Amino acid sequence: MAITSDARPHTAERTGIGLRLPHIAEVVATRPPVGWLEIHPETFLANPHGLELLTDLARDSLVSVHTVGISIGSADGVDRDHLMRLRALVDRLNPVLVSGHLAWSTMGGAYLNDLLPLPYTAETLRVVVAHLAEVQDVLGRAYVIENPSSYVTLATSTMTELEFLHALVNETGCRLLCDVSNVHLSAHNMGYDAYRFIDEFPVDAVAELHLGGFTPVNDEATPGGTLLVDTHAHAVAEPAWKLYAHALRRFGPQPTIIEWDNDLPPLAVLIEEAVKADRVREAMREDRHAHAG
Ligand SMILES: [Fe+2]
């Protein structure tokens with residue numbers, strides 16, 4: 001049994017999976033051998049029965065909370081009602097990590113059905129720094145920020161994504177969730193080097209890694225004619241596994257989650273992906289050992 005509270009300091013030892021509602025009954029019944037479970041609070045807040053099951057599970061399993069509803073980059077401000085609901089859930093689950101995206105998803109009080117890109121400017125930095133302080137103040141704990149999946153460069157940006165992340169870490173001391181698949185697909189879509197991005201990522205701030213599947217679509221405007229879309233509807237692709245190995249070499253054996261949200265496969269498939277990530281991490285460890293010896 002890997003997901004016990006005894007394992008709390010050892011989250012990095014075994015890969016976890018995103019826990020989605022269709023799998024929760026099976027996870028409760030079988031307690032699969034994964035390191036930890038990451039949930040989207042918005043789906044469980046909208047499903048009282050799922051929330052009951054999750055609350056039971058969190059008593060003896062490692063859980064992390066990954067929100068898609070805190071619009072940390074929105075000029076309109078953070079939705080206080082949603083933030084208070086998140087606070088209540090975090091108090092209830094006592095997760096090992098709470099995280100969300102560097103993006104915005106609300107406008108005029110309405111939720112937009114997407115994580116939208118931010119222009120990387122001094123003004124956006126000011127907004128994100130202020131909202132991060134507000135979120136952490138209400139939650140009473142650290143809020144880890146994830147790098148986005150990118151499809152366009154906004155003409156108003158005056159910084160690169162990396163420059164923005166470094167500035168954010170320098171100003172706030174926040175930790176970062178590096179979604180390795182997002183790095184791969186953003187680098188492909190925007191035409192930069194994913195390996196160099198990992199090499200220049202704020203290494204000391206890394207608290208967690210994500211791996212997820214993406215969908216290639218034809219797009220004449222993208223170099224090579226293919227746009228990679230962050231659908232979380234497939235297994236992790238081979239180039240993302242290779243980049244993950246590179247990320248582990250630079251960041252060390254960071255806690256990792258396999259994300260799969262759409263066209264959800266049987267739970268066993270997610271567990272296989274987590275085992276595959278464990279193997280990559282083990283190979284990296286042996287490699288480091290051999291070089292040290
Ligand atoms: Fe992610």
# chains A, B, ... in the order shown; residues from 1 in each chain; ligands from 1
call {"tool": "residues_near_ligand", "arguments": {"ligand": "ligand 1", "cutoff": "9 Å", "atoms": "only C-alpha atoms and all ligand atoms", "output": "VMD selection string"}}
result
chain A and resid 66 100 to 101 146 to 149 177 to 182 209 to 212 230 232 257 to 259
call {"tool": "write_last_selection", "arguments": {"atoms": "C-alpha atoms", "output": "compact mmCIF listing (two decimals), in the first residue's frame"}}
result
# COMPACT_ATOMS: atom_id res chain seq x y z
CA HIS A 66 -4.86 21.26 -8.34
CA GLY A 100 -2.98 26.14 -10.03
CA HIS A 101 -2.14 27.58 -13.44
CA GLU A 146 2.13 25.76 -13.07
CA ASN A 147 3.62 26.80 -16.42
CA PRO A 148 0.89 27.01 -19.08
CA SER A 149 0.46 25.26 -22.43
CA LEU A 177 4.89 23.06 -10.85
CA CYS A 178 6.73 22.24 -14.08
CA ASP A 179 4.35 20.52 -16.50
CA VAL A 180 6.88 18.75 -18.72
CA SER A 181 4.29 17.97 -21.40
CA ASN A 182 3.32 21.65 -21.48
CA LEU A 209 6.15 17.78 -12.19
CA HIS A 210 3.20 16.95 -14.44
CA LEU A 211 3.00 14.63 -17.43
CA GLY A 212 -0.07 14.45 -19.67
CA ASP A 230 -3.09 20.06 -24.34
CA HIS A 232 -5.07 15.31 -21.50
CA ILE A 257 1.57 13.30 -11.40
CA ILE A 258 0.15 11.66 -14.54
CA GLU A 259 -2.75 13.80 -15.81
call {"tool": "residues_around", "arguments": {"residues": "A:Ala25", "least_positions_apart": "3", "cutoff": "12 Å", "atoms": "only C-alpha atoms", "output": "ChimeraX atom specification"}}
result
/A:19-22,28-32,49-54,56-57,267
call {"tool": "select_by_dssp", "arguments": {"residues": "stretch 18-133 of chain A", "states": "helix (DSSP H, G or I)", "output": "count of residues only"}}
result
54
call {"tool": "closest_residue", "arguments": {"among": "A:Ala130, A:Val183, A:Leu168, A:Ala277", "to": "A:Asp199", "atoms": "only C-alpha atoms"}}
result
A:Val183
call {"tool": "closest_residue", "arguments": {"among": "A:Asp91, A:Asp79, A:Glu200, A:Asp193", "to": "A:Leu165", "atoms": "only C-alpha atoms"}}
result
A:Glu200
call {"tool": "atom_distance", "arguments": {"atom1": "atom CA of A:Ile271", "atom2": "atom CA of A:Pro95"}}
result
20.6 Å
call {"tool": "select_by_dssp", "arguments": {"residues": "stretch 61-187 of chain A", "states": "strand (DSSP E or B)", "output": "VMD selection string"}}
result
chain A and resid 63 to 67 97 to 101 104 to 107 110 to 116 144 to 146 176 to 179
